[in-house]
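One file, model-v6.pdb, is given below (PDB, C-alpha atoms).
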```
ATOM      1  CA  ARG R  51     -11.503  -0.169  -7.229  1.00  0.00           C
ATOM      2  CA  ILE R  52     -11.653   0.663  -3.533  1.00  0.00           C
ATOM      3  CA  PHE R  53     -12.869   4.216  -4.225  1.00  0.00           C
ATOM      4  CA  ASP R  54     -15.533   3.167  -6.772  1.00  0.00           C
ATOM      5  CA  PRO R  55     -19.090   3.910  -5.593  1.00  0.00           C
ATOM      6  CA  PHE R  56     -20.909   0.793  -4.357  1.00  0.00           C
ATOM      7  CA  PHE R  57     -17.834  -1.452  -4.669  1.00  0.00           C
ATOM      8  CA  THR R  58     -17.449  -3.692  -1.627  1.00  0.00           C
ATOM      9  CA  THR R  59     -15.990  -7.065  -0.727  1.00  0.00           C
ATOM     10  CA  LYS R  60     -18.483  -7.477   2.103  1.00  0.00           C
ATOM     11  CA  ARG R  61     -21.796  -9.272   1.973  1.00  0.00           C
ATOM     12  CA  ALA R  62     -24.842  -7.260   0.921  1.00  0.00           C
ATOM     13  CA  SER R  63     -26.103  -6.874   4.480  1.00  0.00           C
ATOM     14  CA  GLU R  64     -22.755  -5.680   5.835  1.00  0.00           C
ATOM     15  CA  GLY R  65     -21.807  -2.684   3.733  1.00  0.00           C
ATOM     16  CA  THR R  66     -22.859  -0.321   0.964  1.00  0.00           C
ATOM     17  CA  GLY R  67     -19.451   0.204  -0.643  1.00  0.00           C
ATOM     18  CA  LEU R  68     -19.766   3.957  -0.207  1.00  0.00           C
ATOM     19  CA  GLY R  69     -17.521   4.780   2.762  1.00  0.00           C
ATOM     20  CA  LEU R  70     -14.215   5.243   0.920  1.00  0.00           C
ATOM     21  CA  SER R  71     -16.008   6.781  -2.048  1.00  0.00           C
ATOM     22  CA  VAL R  72     -17.406   9.492   0.238  1.00  0.00           C
ATOM     23  CA  VAL R  73     -13.946  10.077   1.725  1.00  0.00           C
ATOM     24  CA  HIS R  74     -12.437  10.317  -1.751  1.00  0.00           C
ATOM     25  CA  GLY R  75     -15.054  12.857  -2.856  1.00  0.00           C
ATOM     26  CA  ILE R  76     -14.630  15.050   0.221  1.00  0.00           C
ATOM     27  CA  VAL R  77     -10.829  15.067  -0.028  1.00  0.00           C
ATOM     28  CA  GLU R  78     -10.884  15.884  -3.754  1.00  0.00           C
ATOM     29  CA  GLN R  79     -13.371  18.718  -3.224  1.00  0.00           C
ATOM     30  CA  HIS R  80     -10.898  20.286  -0.818  1.00  0.00           C
ATOM     31  CA  GLY R  81      -7.997  20.029  -3.263  1.00  0.00           C
ATOM     32  CA  GLY R  82      -6.376  17.100  -1.487  1.00  0.00           C
ATOM     33  CA  LEU R  83      -5.308  13.601  -2.422  1.00  0.00           C
ATOM     34  CA  LEU R  84      -5.277  10.095  -0.975  1.00  0.00           C
ATOM     35  CA  ASP R  85      -2.472   7.546  -0.828  1.00  0.00           C
ATOM     36  CA  VAL R  86      -3.084   3.889   0.014  1.00  0.00           C
ATOM     37  CA  ALA R  87      -0.435   1.379   1.081  1.00  0.00           C
ATOM     38  CA  SER R  88      -1.551  -2.217   1.624  1.00  0.00           C
ATOM     39  CA  ALA R  89       0.103  -5.601   1.976  1.00  0.00           C
ATOM     40  CA  PRO R  90      -1.338  -9.065   2.749  1.00  0.00           C
ATOM     41  CA  GLY R  91      -1.258  -9.730   6.464  1.00  0.00           C
ATOM     42  CA  ALA R  92       0.019  -6.230   7.250  1.00  0.00           C
ATOM     43  CA  GLY R  93      -3.176  -4.216   6.910  1.00  0.00           C
ATOM     44  CA  ALA R  94      -3.682  -1.009   5.001  1.00  0.00           C
ATOM     45  CA  THR R  95      -2.715   2.597   5.612  1.00  0.00           C
ATOM     46  CA  VAL R  96      -4.727   5.392   4.017  1.00  0.00           C
ATOM     47  CA  SER R  97      -3.002   8.771   4.073  1.00  0.00           C
ATOM     48  CA  VAL R  98      -4.973  11.961   3.498  1.00  0.00           C
ATOM     49  CA  TYR R  99      -3.128  15.029   2.210  1.00  0.00           C
ATOM     50  CA  LEU R 100      -4.848  18.419   2.330  1.00  0.00           C
ATOM     51  CA  PRO R 101      -3.429  21.777   1.185  1.00  0.00           C
ATOM     52  CA  ALA R 102      -2.501  24.175   3.969  1.00  0.00           C
ATOM     53  CA  ALA R 103      -4.386  27.462   3.994  1.00  0.00           C
ATOM     54  CA  GLU R 104      -2.130  30.500   3.732  1.00  0.00           C
ATOM     55  CA  ALA R 105      -4.673  32.807   5.342  1.00  0.00           C
ATOM     56  CA  PRO R 106      -7.881  32.572   7.347  1.00  0.00           C
ATOM     57  CA  ILE R 107     -10.803  31.498   5.173  1.00  0.00           C
ATOM     58  CA  ASP R 108     -14.058  33.445   5.221  1.00  0.00           C
ATOM     59  CA  ALA R 109     -17.208  31.430   5.882  1.00  0.00           C
ATOM     60  CA  GLY R 110     -18.490  32.044   2.366  1.00  0.00           C
ATOM     61  CA  ASP R 111     -15.332  30.967   0.553  1.00  0.00           C
ATOM     62  CA  ASP R 112     -16.185  27.273   0.575  1.00  0.00           C
ATOM     63  CA  ALA R 113     -19.374  27.759  -1.458  1.00  0.00           C
ATOM     64  CA  ARG R 114     -17.624  27.616  -4.803  1.00  0.00           C
ATOM     65  CA  THR R 115     -19.336  25.925  -7.708  1.00  0.00           C
ATOM     66  CA  PRO R 116     -17.445  23.236  -9.643  1.00  0.00           C
ATOM     67  CA  ARG R 117     -17.055  25.701 -12.519  1.00  0.00           C
ATOM     68  CA  ALA R 118     -15.462  28.247 -10.189  1.00  0.00           C
ATOM     69  CA  ALA R 119     -13.161  25.562  -8.868  1.00  0.00           C
ATOM     70  CA  ALA R 120     -12.199  24.718 -12.437  1.00  0.00           C
ATOM     71  CA  ALA R 121     -11.175  28.327 -12.976  1.00  0.00           C
ATOM     72  CA  ASP R 122      -8.688  27.849 -10.145  1.00  0.00           C
ATOM     73  CA  GLY R 123      -7.187  24.787 -11.769  1.00  0.00           C
ATOM     74  CA  ALA R 124      -9.347  22.019 -10.319  1.00  0.00           C
ATOM     75  CA  ALA R 125     -10.506  19.437 -12.821  1.00  0.00           C
ATOM     76  CA  VAL R 126     -14.125  19.109 -13.798  1.00  0.00           C
ATOM     77  CA  ASP R 127     -14.835  16.224 -16.157  1.00  0.00           C
ATOM     78  CA  ASP R 128     -16.689  17.291 -19.285  1.00  0.00           C
ATOM     79  CA  ALA R 129     -18.471  20.161 -17.530  1.00  0.00           C
ATOM     80  CA  PRO R 130     -21.812  20.489 -19.333  1.00  0.00           C
ATOM     81  CA  GLY R 131     -23.002  23.860 -18.092  1.00  0.00           C
ATOM     82  CA  ASP R 132     -24.807  25.359 -15.147  1.00  0.00           C
ATOM     83  CA  ASP R 133     -27.966  23.252 -15.093  1.00  0.00           C
ATOM     84  CA  THR R 134     -29.441  22.539 -11.667  1.00  0.00           C
ATOM     85  CA  VAL R 135     -30.172  18.937 -10.703  1.00  0.00           C
ATOM     86  CA  VAL R 136     -32.243  18.020  -7.639  1.00  0.00           C
ATOM     87  CA  VAL R 137     -31.300  14.656  -6.108  1.00  0.00           C
ATOM     88  CA  VAL R 138     -33.770  12.814  -3.851  1.00  0.00           C
ATOM     89  CA  GLU R 139     -32.459   9.846  -1.859  1.00  0.00           C
ATOM     90  CA  ASP R 140     -33.264   8.662   1.669  1.00  0.00           C
ATOM     91  CA  GLU R 141     -29.952   6.821   2.156  1.00  0.00           C
ATOM     92  CA  PRO R 142     -27.429   9.462   3.354  1.00  0.00           C
ATOM     93  CA  LEU R 143     -24.333   7.834   1.859  1.00  0.00           C
ATOM     94  CA  VAL R 144     -25.936   7.321  -1.539  1.00  0.00           C
ATOM     95  CA  LEU R 145     -27.186  10.919  -1.483  1.00  0.00           C
ATOM     96  CA  THR R 146     -23.719  12.236  -0.648  1.00  0.00           C
ATOM     97  CA  VAL R 147     -21.928  10.179  -3.295  1.00  0.00           C
ATOM     98  CA  THR R 148     -24.457  10.878  -6.048  1.00  0.00           C
ATOM     99  CA  SER R 149     -24.439  14.630  -5.438  1.00  0.00           C
ATOM    100  CA  SER R 150     -20.628  14.592  -5.347  1.00  0.00           C
ATOM    101  CA  LEU R 151     -20.473  12.788  -8.696  1.00  0.00           C
ATOM    102  CA  LEU R 152     -22.839  15.310 -10.279  1.00  0.00           C
ATOM    103  CA  GLN R 153     -20.844  18.233  -8.889  1.00  0.00           C
ATOM    104  CA  LYS R 154     -17.688  16.775 -10.428  1.00  0.00           C
ATOM    105  CA  LEU R 155     -19.536  16.661 -13.734  1.00  0.00           C
ATOM    106  CA  GLY R 156     -20.153  20.399 -13.454  1.00  0.00           C
ATOM    107  CA  TYR R 157     -23.786  20.570 -12.383  1.00  0.00           C
ATOM    108  CA  ARG R 158     -25.353  22.668  -9.670  1.00  0.00           C
ATOM    109  CA  VAL R 159     -26.819  20.182  -7.197  1.00  0.00           C
ATOM    110  CA  GLU R 160     -29.572  20.494  -4.613  1.00  0.00           C
ATOM    111  CA  THR R 161     -30.363  17.539  -2.362  1.00  0.00           C
ATOM    112  CA  ALA R 162     -33.341  16.277  -0.385  1.00  0.00           C
ATOM    113  CA  ASP R 163     -33.661  13.175   1.779  1.00  0.00           C
ATOM    114  CA  HIS R 164     -37.472  13.056   1.658  1.00  0.00           C
ATOM    115  CA  PRO R 165     -40.030  13.588  -1.129  1.00  0.00           C
ATOM    116  CA  ASP R 166     -41.835  16.363   0.760  1.00  0.00           C
ATOM    117  CA  ARG R 167     -38.590  18.295   1.145  1.00  0.00           C
ATOM    118  CA  ALA R 168     -37.880  17.718  -2.537  1.00  0.00           C
ATOM    119  CA  LEU R 169     -41.204  19.300  -3.528  1.00  0.00           C
ATOM    120  CA  ALA R 170     -40.530  22.327  -1.355  1.00  0.00           C
ATOM    121  CA  LEU R 171     -37.027  22.600  -2.808  1.00  0.00           C
ATOM    122  CA  LEU R 172     -38.287  22.453  -6.389  1.00  0.00           C
ATOM    123  CA  ASP R 173     -40.856  25.164  -5.654  1.00  0.00           C
ATOM    124  CA  ARG R 174     -38.184  27.622  -4.523  1.00  0.00           C
ATOM    125  CA  CYS R 175     -35.292  26.723  -6.861  1.00  0.00           C
ATOM    126  CA  ASP R 176     -33.954  29.845  -8.589  1.00  0.00           C
ATOM    127  CA  PRO R 177     -33.063  29.350 -11.364  1.00  0.00           C
ATOM    128  CA  PRO R 178     -35.542  26.480 -11.769  1.00  0.00           C
ATOM    129  CA  ALA R 179     -34.114  22.967 -11.720  1.00  0.00           C
ATOM    130  CA  ARG R 180     -33.798  21.270 -15.096  1.00  0.00           C
ATOM    131  CA  LEU R 181     -33.761  17.687 -13.872  1.00  0.00           C
ATOM    132  CA  LEU R 182     -34.970  15.615 -10.925  1.00  0.00           C
ATOM    133  CA  LEU R 183     -32.956  12.517 -10.030  1.00  0.00           C
ATOM    134  CA  THR R 184     -34.943  10.434  -7.573  1.00  0.00           C
ATOM    135  CA  ASP R 185     -34.678   7.074  -5.913  1.00  0.00           C
ATOM    136  CA  ILE R 186     -37.763   4.918  -6.370  1.00  0.00           C
ATOM    137  CA  VAL R 187     -37.946   2.950  -3.120  1.00  0.00           C
ATOM    138  CA  MET R 188     -38.327   5.401  -0.230  1.00  0.00           C
ATOM    139  CA  PRO R 189     -40.444   5.432   2.943  1.00  0.00           C
ATOM    140  CA  ASP R 190     -43.722   7.376   3.250  1.00  0.00           C
ATOM    141  CA  CYS R 191     -43.807   8.452  -0.397  1.00  0.00           C
ATOM    142  CA  ASP R 192     -41.911   6.502  -3.039  1.00  0.00           C
ATOM    143  CA  GLY R 193     -40.258   7.959  -6.106  1.00  0.00           C
ATOM    144  CA  VAL R 194     -43.175   7.027  -8.373  1.00  0.00           C
ATOM    145  CA  GLU R 195     -45.667   9.028  -6.317  1.00  0.00           C
ATOM    146  CA  LEU R 196     -43.153  11.868  -5.993  1.00  0.00           C
ATOM    147  CA  ALA R 197     -42.744  11.972  -9.781  1.00  0.00           C
ATOM    148  CA  ARG R 198     -46.518  12.152 -10.277  1.00  0.00           C
ATOM    149  CA  ARG R 199     -46.790  15.050  -7.849  1.00  0.00           C
ATOM    150  CA  VAL R 200     -43.794  16.792  -9.425  1.00  0.00           C
ATOM    151  CA  ARG R 201     -45.212  16.375 -12.924  1.00  0.00           C
ATOM    152  CA  ALA R 202     -48.447  18.068 -11.799  1.00  0.00           C
ATOM    153  CA  ARG R 203     -46.573  21.055 -10.320  1.00  0.00           C
ATOM    154  CA  HIS R 204     -43.572  21.276 -12.650  1.00  0.00           C
ATOM    155  CA  PRO R 205     -44.756  19.754 -15.940  1.00  0.00           C
ATOM    156  CA  ASP R 206     -41.631  20.610 -17.943  1.00  0.00           C
ATOM    157  CA  LEU R 207     -39.129  19.060 -15.527  1.00  0.00           C
ATOM    158  CA  ALA R 208     -37.098  16.080 -16.765  1.00  0.00           C
ATOM    159  CA  ILE R 209     -37.084  13.131 -14.362  1.00  0.00           C
ATOM    160  CA  LEU R 210     -34.401  10.457 -14.093  1.00  0.00           C
ATOM    161  CA  TYR R 211     -34.996   7.507 -11.769  1.00  0.00           C
ATOM    162  CA  MET R 212     -32.509   5.368  -9.872  1.00  0.00           C
ATOM    163  CA  SER R 213     -33.206   2.049  -8.200  1.00  0.00           C
ATOM    164  CA  GLY R 214     -31.612  -1.129  -6.942  1.00  0.00           C
ATOM    165  CA  TYR R 215     -34.302  -2.963  -8.899  1.00  0.00           C
ATOM    166  CA  SER R 216     -34.151  -3.474 -12.634  1.00  0.00           C
ATOM    167  CA  ALA R 217     -36.532  -1.548 -14.859  1.00  0.00           C
ATOM    168  CA  GLU R 218     -38.497  -4.741 -15.534  1.00  0.00           C
ATOM    169  CA  HIS R 219     -39.897  -4.533 -11.985  1.00  0.00           C
ATOM    170  CA  LEU R 220     -41.479  -1.152 -12.724  1.00  0.00           C
ATOM    171  CA  GLN R 221     -44.412  -2.172 -14.869  1.00  0.00           C
ATOM    172  CA  GLY R 222     -48.167  -1.647 -14.704  1.00  0.00           C
ATOM    173  CA  ASP R 223     -49.345   0.384 -11.711  1.00  0.00           C
ATOM    174  CA  ALA R 224     -45.760   0.500 -10.434  1.00  0.00           C
ATOM    175  CA  ALA R 225     -44.554   2.263 -13.567  1.00  0.00           C
ATOM    176  CA  PRO R 226     -43.414   5.855 -12.933  1.00  0.00           C
ATOM    177  CA  PRO R 227     -44.269   8.754 -15.267  1.00  0.00           C
ATOM    178  CA  GLY R 228     -42.117   9.172 -18.346  1.00  0.00           C
ATOM    179  CA  SER R 229     -38.794  10.924 -18.008  1.00  0.00           C
ATOM    180  CA  LEU R 230     -40.048  13.736 -20.261  1.00  0.00           C
ATOM    181  CA  PRO R 231     -43.540  15.259 -20.408  1.00  0.00           C
ATOM    182  CA  ASP R 232     -45.861  13.628 -22.969  1.00  0.00           C
ATOM    183  CA  ASP R 233     -43.166  11.047 -23.652  1.00  0.00           C
ATOM    184  CA  HIS R 234     -44.648   7.616 -24.331  1.00  0.00           C
ATOM    185  CA  ALA R 235     -41.249   5.916 -24.128  1.00  0.00           C
ATOM    186  CA  PRO R 236     -40.462   3.892 -20.986  1.00  0.00           C
ATOM    187  CA  PRO R 237     -39.045   5.998 -18.141  1.00  0.00           C
ATOM    188  CA  ILE R 238     -35.277   6.045 -17.835  1.00  0.00           C
ATOM    189  CA  VAL R 239     -34.124   4.088 -14.776  1.00  0.00           C
ATOM    190  CA  LEU R 240     -30.496   4.161 -13.662  1.00  0.00           C
ATOM    191  CA  THR R 241     -29.822   0.832 -11.977  1.00  0.00           C
ATOM    192  CA  LYS R 242     -27.716   0.868  -8.812  1.00  0.00           C
ATOM    193  CA  PRO R 243     -24.827   0.496  -8.521  1.00  0.00           C
ATOM    194  CA  PHE R 244     -23.747   2.903 -11.252  1.00  0.00           C
ATOM    195  CA  THR R 245     -20.483   4.574 -12.218  1.00  0.00           C
ATOM    196  CA  ARG R 246     -19.841   8.292 -12.667  1.00  0.00           C
ATOM    197  CA  GLN R 247     -19.655   7.719 -16.421  1.00  0.00           C
ATOM    198  CA  GLN R 248     -23.037   5.979 -16.508  1.00  0.00           C
ATOM    199  CA  LEU R 249     -24.601   8.730 -14.399  1.00  0.00           C
ATOM    200  CA  GLY R 250     -23.092  11.474 -16.540  1.00  0.00           C
ATOM    201  CA  GLU R 251     -24.206   9.890 -19.805  1.00  0.00           C
ATOM    202  CA  GLN R 252     -27.799   9.459 -18.640  1.00  0.00           C
ATOM    203  CA  VAL R 253     -28.061  12.994 -17.252  1.00  0.00           C
ATOM    204  CA  ARG R 254     -26.492  14.608 -20.335  1.00  0.00           C
ATOM    205  CA  ASP R 255     -28.668  12.577 -22.703  1.00  0.00           C
ATOM    206  CA  LEU R 256     -31.900  13.389 -20.855  1.00  0.00           C
ATOM    207  CA  LEU R 257     -31.097  17.104 -20.601  1.00  0.00           C
ATOM    208  CA  ALA R 258     -30.250  17.171 -24.318  1.00  0.00           C
ATOM    209  CA  ARG R 259     -33.565  15.517 -25.169  1.00  0.00           C
ATOM    210  CA  ALA R 260     -35.381  17.988 -22.911  1.00  0.00           C
ATOM    211  CA  ALA R 261     -33.673  20.908 -24.686  1.00  0.00           C
ATOM    212  CA  GLU R 262     -34.655  19.504 -28.091  1.00  0.00           C
ATOM    213  CA  ARG R 263     -38.241  19.130 -26.914  1.00  0.00           C
ATOM    214  CA  ASP R 264     -38.311  22.687 -25.583  1.00  0.00           C
ATOM    215  CA  GLY R 265     -36.950  23.942 -28.900  1.00  0.00           C
ATOM    216  CA  ALA R 266     -39.580  22.031 -30.860  1.00  0.00           C
ATOM    217  CA  ILE R 267     -42.364  23.497 -28.728  1.00  0.00           C
ATOM    218  CA  ALA R 268     -41.086  27.051 -29.315  1.00  0.00           C
ATOM    219  CA  GLU R 269     -42.101  27.017 -32.974  1.00  0.00           C
ATOM    220  CA  PRO R 270     -41.625  30.364 -34.743  1.00  0.00           C
ATOM    221  CA  THR R 271     -44.749  32.280 -35.647  1.00  0.00           C
ATOM    222  CA  ALA R 272     -44.887  35.064 -38.199  1.00  0.00           C
ATOM    223  CA  ARG R 273     -46.521  38.441 -37.868  1.00  0.00           C
ATOM    224  CA  PRO R 274     -46.304  41.650 -39.939  1.00  0.00           C
ATOM    225  CA  THR R 275     -44.140  44.429 -38.581  1.00  0.00           C
ATOM    226  CA  ARG R 276     -46.835  47.004 -39.397  1.00  0.00           C
ATOM    227  CA  ALA R 277     -50.398  47.052 -40.622  1.00  0.00           C
ATOM    228  CA  GLN R 278     -50.393  46.673 -44.395  1.00  0.00           C
ATOM    229  CA  PRO R 279     -51.608  44.148 -46.968  1.00  0.00           C
ATOM    230  CA  ALA R 280     -50.172  40.702 -46.269  1.00  0.00           C
ATOM    231  CA  ALA R 281     -48.873  40.316 -49.816  1.00  0.00           C
ATOM    232  CA  GLY R 282     -46.411  43.118 -49.356  1.00  0.00           C
ATOM    233  CA  ALA R 283     -45.763  42.768 -45.654  1.00  0.00           C
ATOM    234  CA  ALA R 284     -42.317  42.439 -44.140  1.00  0.00           C
ATOM    235  CA  TRP R 285     -42.277  39.553 -41.690  1.00  0.00           C
ATOM    236  CA  GLU R 286     -40.312  38.885 -38.566  1.00  0.00           C
ATOM    237  CA  LEU R 287     -40.092  35.752 -36.453  1.00  0.00           C
ATOM    238  CA  SER R 288     -40.976  35.571 -32.815  1.00  0.00           C
ATOM    239  CA  ALA R 289     -40.632  32.543 -30.548  1.00  0.00           C
ATOM    240  CA  ARG R 290     -43.725  31.606 -28.600  1.00  0.00           C
TER     241      ARG R 290
END
```
Starting from the file, give its structure as structure tokens.
Amino acid sequence: RIFDPFFTTKRASEGTGLGLSVVHGIVEQHGGLLDVASAPGAGATVSVYLPAAEAPIDAGDDARTPRAAAADGAAVDDAPGDDTVVVVEDEPLVLTVTSSLLQKLGYRVETADHPDRALALLDRCDPPARLLLTDIVMPDCDGVELARRVRARHPDLAILYMSGYSAEHLQGDAAPPGSLPDDHAPPIVLTKPFTRQQLGEQVRDLLARAAERDGAIAEPTARPTRAQPAAGAAWELSAR
């Protein structure tokens, strides 16, 4: 379990359990692998193996998406499509690990370490982001206030929350907006620590619900193809 996000044998104040997880993600993204040898009383040796480049690499060659990497033989687990997810987290290690997990799941990922930068990022995202994944406890502007501001500017955006606190702590005035617009169900809160599987399931489920909602809103309306009595009109459907 040494590479699992948030797994640590240290006390809570001494480590986040993200160091080796970050290393593992970086090495995998570069097509490498890790080998660990450990014995009681003898310490541990972590060996990093990276593929040798056969030719000089252009500066732009490292900007491959996970789907492009998959085309070259790299594995992407259950790649869901090309949806863009914006991740907001003020803790650098958590931000790095979370974005890495989402990239492995096949998503385009944009990151911000502050709510103000997240708002600016959402305003210029092209194509527009489909989902915002935000921490709740952050300095200056917490995730609840960020979600309220985002909902006012991007009303159709799905919002998934993550927190070290359980969802029961987010009640009353502390309750964030719903994960989907006009959704009266409790907001979806991903409790830290979480696994890649838990993250993937929540993101896929929320995006699927958002797609269903968008489809329900785009109800077909009928109109005649040409001016003639309605009784004999030929009708075609158009999505509004």
Do you know which residues the PyMOL selection byres ((chain R and resi 55) around 8) returns on this file, as a list in words? Phe53, Asp54, Phe56, Phe57, Gly67, Leu68, Ser71, Val147, Pro243, Phe244 and Thr245 of chain R
Atoms to include: C-alpha atoms. Write the selected residues as a PDB file, in the coordinates of the input.
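Final file, out_19.pdb:
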```
ATOM      1  CA  PHE R  53     -12.869   4.216  -4.225  1.00  0.00           C
ATOM      2  CA  ASP R  54     -15.533   3.167  -6.772  1.00  0.00           C
ATOM      3  CA  PHE R  56     -20.909   0.793  -4.357  1.00  0.00           C
ATOM      4  CA  PHE R  57     -17.834  -1.452  -4.669  1.00  0.00           C
ATOM      5  CA  GLY R  67     -19.451   0.204  -0.643  1.00  0.00           C
ATOM      6  CA  LEU R  68     -19.766   3.957  -0.207  1.00  0.00           C
ATOM      7  CA  SER R  71     -16.008   6.781  -2.048  1.00  0.00           C
ATOM      8  CA  VAL R 147     -21.928  10.179  -3.295  1.00  0.00           C
ATOM      9  CA  PRO R 243     -24.827   0.496  -8.521  1.00  0.00           C
ATOM     10  CA  PHE R 244     -23.747   2.903 -11.252  1.00  0.00           C
ATOM     11  CA  THR R 245     -20.483   4.574 -12.218  1.00  0.00           C
TER      12      THR R 245
END
```
So, with only C-alpha atoms as the atoms that count, which of R:Val144, R:Leu84, R:Ala170, R:Leu152 lies closest to Gln247 (chain R)?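 Closest to Gln247 (chain R), using only C-alpha atoms: R:Leu152.
We find CA of Arg263 (chain R) and CA of Pro231 (chain R) to be spaced 9.2 Å apart.
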Report, in Å with one decimal, the straight-line distance from CA of Gly250 (chain R) to CA of Pro101 (chain R).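 Going from CA of Gly250 (chain R) over to CA of Pro101 (chain R) covers 28.4 Å.
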If we count all atoms listed in the file, what is near Glu139 (chain R) at a cut-off of 7 Å, once residues fewer than 6 positions away on the same chain are taken out, given as a PyMOL selection string? chain R and resi 145+162-164+184-185
Counting all atoms listed in the file, what is within 10 Å of Leu210 (chain R), bar same-chain residues fewer than 6 positions away, as a PyMOL selection string? chain R and resi 137+181-185+197+228-230+237-240+249+252-253+256-257
